[in-house]
Amino acid sequence: MLKKAVIPIAGLGTRFLPLSRVVPKELFPLVDKPLVQYSIEEAKNSGIKEIIFVARPKKKGILEYFQEDPKLEKLLKQRKRTHLLKELYQIKELTKGLCLSVVFQKEPLGDGHAILQAKKIVKKSPFGVFFPDDIVDSKTPCLVQLMNIFRTAQSPVIALKKVSEEKISSYGIVEVEKISNRLFKIKKIVEKPEKESAPSNLAIVGRYILTPEVFSWLEKESTSKHKEIILANALRRMIESGKAVYGYEIEGRWLECGTKFSWLESNLYLSLRHPEFGQRLKKIMKEI
Ligand code: UTP
């Protein structure tokens, strides 16, 4: 049903300065894999066949990561390090059956502007959007949870998660009308509200299913030089004009990686659950 996904990776990652000047945030390791790999795994496990990255022209490293490297394979064989080949093959395996393509966002003019760059490739089909610094650790892949709603809704669906009161002012928060367990119709999107005035404690997670209609709403947003085009703003205007946009309170743990602290927290969470490293790390933690 849903075959395409857009992964914007052209942001500046300013919350990770100075490191993000040379290493794109999306390539930061989360335990032993780059952040973006978790999105690709989720997309594949959700039945996505075509992934469109929106990258900055300078950020070629991300593409290289997913390309085969026969030279390196040969070297590992020559140096009798064949046991390490499996680390390379897991990427080959992951990208098997996936069509990966790239479009460029010349200037970092916002997440919505990034998505707009994929318009020509997405064409007329609905598509998933992954912000790779949000990872969801769940039994059912987060995108599949959204697909289950989209199947009947046929309108944009946004992933939601409850956050604690003191964190509300850091997120996009939604005003909702409850439809059924976990499913909501979104009435309003409020960016970073004060906790006293917040319409709910449901925050927007970086997973969406969008319809191609969204492109025209993104185009309507201002494109002046310094003004960013933000997806949440375009969705807000869609809702204001009477279009249906749904929210689904996803199951699973939301692992945020957009700030230094949340990235460390997510590393800690996944490391301690890692089949190879978890037990050893717990021991070391006790010692220190
Ligand atoms: P974020 O706000 O999380 O990323 O955008 P950022 O802007 O890179 O980080 P900060 O806020 O400066 O620390 C969500 C996603 O949208 C992409 C980012 O790469 C990230 O995956 N994005 C953002 C773009 O592709 N282009 C943009 O102009 C902005």
# chains A, B, ... in the order shown; residues from 1 in each chain; ligands from 1
>>> residues_around(residues="A:Asp69", least_positions_apart="4", cutoff="12 Å", atoms="only C-alpha atoms", output="PyMOL selection string")
chain A and resi 63-65+73-76+85+87-89+91-92
>>> residues_near_ligand(ligand="ligand 1", cutoff="6 Å", atoms="only C-alpha atoms and all ligand atoms", output="ChimeraX atom specification")
/A:8-15,54,108-111,114,131-132,258
>>> write_last_selection(atoms="N, CA, C and O atoms", output="mmCIF file, in the first residue's frame")
data_model
loop_
_atom_site.group_PDB
_atom_site.id
_atom_site.type_symbol
_atom_site.label_atom_id
_atom_site.label_comp_id
_atom_site.auth_asym_id
_atom_site.auth_seq_id
_atom_site.Cartn_x
_atom_site.Cartn_y
_atom_site.Cartn_z
ATOM 1 N N PRO A 8 14.601 13.018 5.421
ATOM 2 C CA PRO A 8 15.387 14.251 5.312
ATOM 3 C C PRO A 8 16.612 14.185 6.222
ATOM 4 O O PRO A 8 16.493 13.886 7.408
ATOM 5 N N ILE A 9 17.762 14.451 5.639
ATOM 6 C CA ILE A 9 19.005 14.402 6.420
ATOM 7 C C ILE A 9 19.867 15.632 6.104
ATOM 8 O O ILE A 9 21.085 15.568 6.176
ATOM 9 N N ALA A 10 19.201 16.715 5.733
ATOM 10 C CA ALA A 10 19.962 17.879 5.269
ATOM 11 C C ALA A 10 20.084 18.976 6.321
ATOM 12 O O ALA A 10 20.572 20.059 6.040
ATOM 13 N N GLY A 11 19.632 18.686 7.553
ATOM 14 C CA GLY A 11 19.664 19.705 8.601
ATOM 15 C C GLY A 11 21.078 20.007 9.075
ATOM 16 O O GLY A 11 22.022 19.278 8.769
ATOM 17 N N LEU A 12 21.201 21.075 9.836
ATOM 18 C CA LEU A 12 22.522 21.498 10.305
ATOM 19 C C LEU A 12 22.942 20.793 11.596
ATOM 20 O O LEU A 12 24.109 20.795 11.951
ATOM 21 N N GLY A 13 21.969 20.241 12.306
ATOM 22 C CA GLY A 13 22.296 19.566 13.565
ATOM 23 C C GLY A 13 22.962 20.495 14.556
ATOM 24 O O GLY A 13 23.935 20.125 15.222
ATOM 25 N N THR A 14 22.428 21.713 14.673
ATOM 26 C CA THR A 14 23.117 22.727 15.487
ATOM 27 C C THR A 14 23.218 22.333 16.964
ATOM 28 O O THR A 14 24.121 22.775 17.665
ATOM 29 N N ARG A 15 22.299 21.475 17.406
ATOM 30 C CA ARG A 15 22.358 21.098 18.827
ATOM 31 C C ARG A 15 23.529 20.156 19.125
ATOM 32 O O ARG A 15 23.782 19.808 20.254
ATOM 33 N N VAL A 54 16.820 13.131 1.483
ATOM 34 C CA VAL A 54 17.021 14.533 1.098
ATOM 35 C C VAL A 54 18.285 14.973 1.825
ATOM 36 O O VAL A 54 18.300 15.071 3.060
ATOM 37 N N PRO A 108 19.707 24.735 4.070
ATOM 38 C CA PRO A 108 18.866 24.143 5.122
ATOM 39 C C PRO A 108 17.684 25.053 5.468
ATOM 40 O O PRO A 108 17.711 25.765 6.461
ATOM 41 N N LEU A 109 16.678 25.012 4.636
ATOM 42 C CA LEU A 109 15.538 25.920 4.806
ATOM 43 C C LEU A 109 14.344 25.253 5.489
ATOM 44 O O LEU A 109 13.197 25.600 5.215
ATOM 45 N N GLY A 110 14.635 24.293 6.331
ATOM 46 C CA GLY A 110 13.569 23.709 7.131
ATOM 47 C C GLY A 110 13.194 22.290 6.721
ATOM 48 O O GLY A 110 13.429 21.872 5.588
ATOM 49 N N ASP A 111 12.599 21.553 7.685
ATOM 50 C CA ASP A 111 12.249 20.154 7.410
ATOM 51 C C ASP A 111 11.187 20.043 6.313
ATOM 52 O O ASP A 111 11.200 19.118 5.501
ATOM 53 N N ALA A 114 12.772 20.542 3.003
ATOM 54 C CA ALA A 114 13.496 19.315 2.637
ATOM 55 C C ALA A 114 12.528 18.313 1.996
ATOM 56 O O ALA A 114 12.812 17.751 0.933
ATOM 57 N N PHE A 131 12.085 11.200 10.449
ATOM 58 C CA PHE A 131 13.152 12.075 10.940
ATOM 59 C C PHE A 131 14.088 11.150 11.732
ATOM 60 O O PHE A 131 13.716 10.640 12.797
ATOM 61 N N PRO A 132 15.275 10.898 11.184
ATOM 62 C CA PRO A 132 16.082 9.805 11.724
ATOM 63 C C PRO A 132 16.603 10.003 13.145
ATOM 64 O O PRO A 132 17.108 9.052 13.742
ATOM 65 N N GLY A 258 18.025 13.861 19.263
ATOM 66 C CA GLY A 258 18.199 15.189 18.666
ATOM 67 C C GLY A 258 19.066 16.135 19.477
ATOM 68 O O GLY A 258 19.490 17.172 18.976
#
>>> atom_distance(atom1="atom CA of A:Leu210", atom2="atom CA of A:Val144")
13.7 Å
>>> residues_around(residues="A:Lys162", least_positions_apart="4", cutoff="6 Å", atoms="only C-alpha atoms", output="list in words")
Asn201, Leu202 and Ala203 of chain A
>>> closest_atom_pairs(of="stretch 118-161 of chain A", to="stretch 170-181 of chain A", cutoff="12 Å", atoms="only C-alpha atoms", output="tab-separated table")
residue	atom	partner	partner_atom	distance
A:Ile149	CA	A:Ser180	CA	11.2
A:Ala153	CA	A:Ile179	CA	11.8
A:Ile158	CA	A:Val174	CA	10.1
A:Ala159	CA	A:Val174	CA	10.9
A:Leu160	CA	A:Val174	CA	8.6
A:Lys161	CA	A:Ile173	CA	9.6
>>> write_last_selection(atoms="N, CA, C and O atoms", output="PDB file, in the first residue's frame")
ATOM      1  N   ILE A 149      -3.644   2.869  10.477  1.00  0.00           N
ATOM      2  CA  ILE A 149      -4.637   3.948  10.544  1.00  0.00           C
ATOM      3  C   ILE A 149      -4.885   4.499   9.133  1.00  0.00           C
ATOM      4  O   ILE A 149      -6.019   4.729   8.722  1.00  0.00           O
ATOM      5  N   ALA A 153      -8.101   5.750   6.947  1.00  0.00           N
ATOM      6  CA  ALA A 153      -8.213   7.223   7.012  1.00  0.00           C
ATOM      7  C   ALA A 153      -7.924   7.890   5.663  1.00  0.00           C
ATOM      8  O   ALA A 153      -8.571   8.869   5.302  1.00  0.00           O
ATOM      9  N   ILE A 158      -0.024  11.316  11.930  1.00  0.00           N
ATOM     10  CA  ILE A 158       1.178  11.748  12.663  1.00  0.00           C
ATOM     11  C   ILE A 158       1.366  10.840  13.880  1.00  0.00           C
ATOM     12  O   ILE A 158       0.395  10.527  14.576  1.00  0.00           O
ATOM     13  N   ALA A 159       2.610  10.445  14.141  1.00  0.00           N
ATOM     14  CA  ALA A 159       2.896   9.654  15.341  1.00  0.00           C
ATOM     15  C   ALA A 159       2.917  10.570  16.562  1.00  0.00           C
ATOM     16  O   ALA A 159       3.504  11.663  16.514  1.00  0.00           O
ATOM     17  N   LEU A 160       2.278  10.127  17.629  1.00  0.00           N
ATOM     18  CA  LEU A 160       2.222  10.921  18.860  1.00  0.00           C
ATOM     19  C   LEU A 160       2.714  10.092  20.038  1.00  0.00           C
ATOM     20  O   LEU A 160       2.603   8.866  20.038  1.00  0.00           O
ATOM     21  N   LYS A 161       3.209  10.791  21.039  1.00  0.00           N
ATOM     22  CA  LYS A 161       3.614  10.117  22.266  1.00  0.00           C
ATOM     23  C   LYS A 161       3.402  11.087  23.427  1.00  0.00           C
ATOM     24  O   LYS A 161       3.672  12.287  23.289  1.00  0.00           O
TER      25      LYS A 161
END
>>> atom_distance(atom1="atom CA of A:Glu276", atom2="atom CA of A:Arg207")
29.1 Å
>>> residues_around(residues="A:Lys124", least_positions_apart="3", cutoff="10 Å", atoms="only C-alpha atoms", output="list in words")
Lys119, Lys120, Ile121, Phe127, Thr211, Pro212 and Glu213 of chain A
>>> write_last_selection(atoms="N, CA and C atoms", output="short mmCIF file (atom, residue, chain, number, x, y, z; two decimals), in the first residue's frame")
data_model
loop_
_atom_site.label_atom_id
_atom_site.label_comp_id
_atom_site.auth_asym_id
_atom_site.auth_seq_id
_atom_site.Cartn_x
_atom_site.Cartn_y
_atom_site.Cartn_z
N LYS A 119 9.37 15.98 -3.96
CA LYS A 119 8.07 15.98 -4.65
C LYS A 119 8.11 15.25 -6.00
N LYS A 120 9.14 15.54 -6.78
CA LYS A 120 9.21 14.97 -8.14
C LYS A 120 9.32 13.45 -8.12
N ILE A 121 9.95 12.92 -7.10
CA ILE A 121 10.13 11.46 -7.05
C ILE A 121 8.90 10.79 -6.41
N PHE A 127 3.18 8.74 1.17
CA PHE A 127 4.56 8.36 1.53
C PHE A 127 4.80 8.52 3.03
N THR A 211 0.14 12.61 2.46
CA THR A 211 -0.43 12.45 1.12
C THR A 211 0.20 13.53 0.23
N PRO A 212 0.25 13.30 -1.09
CA PRO A 212 0.93 14.27 -1.96
C PRO A 212 0.31 15.66 -1.92
N GLU A 213 -0.92 15.73 -1.43
CA GLU A 213 -1.58 17.03 -1.26
C GLU A 213 -0.74 17.97 -0.38
#
>>> atom_distance(atom1="atom CA of A:Asn267", atom2="atom CA of A:Gln90")
20.5 Å
>>> select_by_dssp(residues="stretch 137-191 of chain A", states="strand (DSSP E)", output="list of chain:residue names")
A:Asp137, A:Val157, A:Ile158, A:Ala159, A:Leu160, A:Lys161, A:Lys162, A:Gly172, A:Ile173, A:Val174, A:Glu175, A:Val176, A:Glu177, A:Lys178, A:Ile179, A:Ser180, A:Leu183, A:Phe184, A:Lys185, A:Ile186, A:Lys187, A:Lys188, A:Ile189, A:Val190, A:Glu191
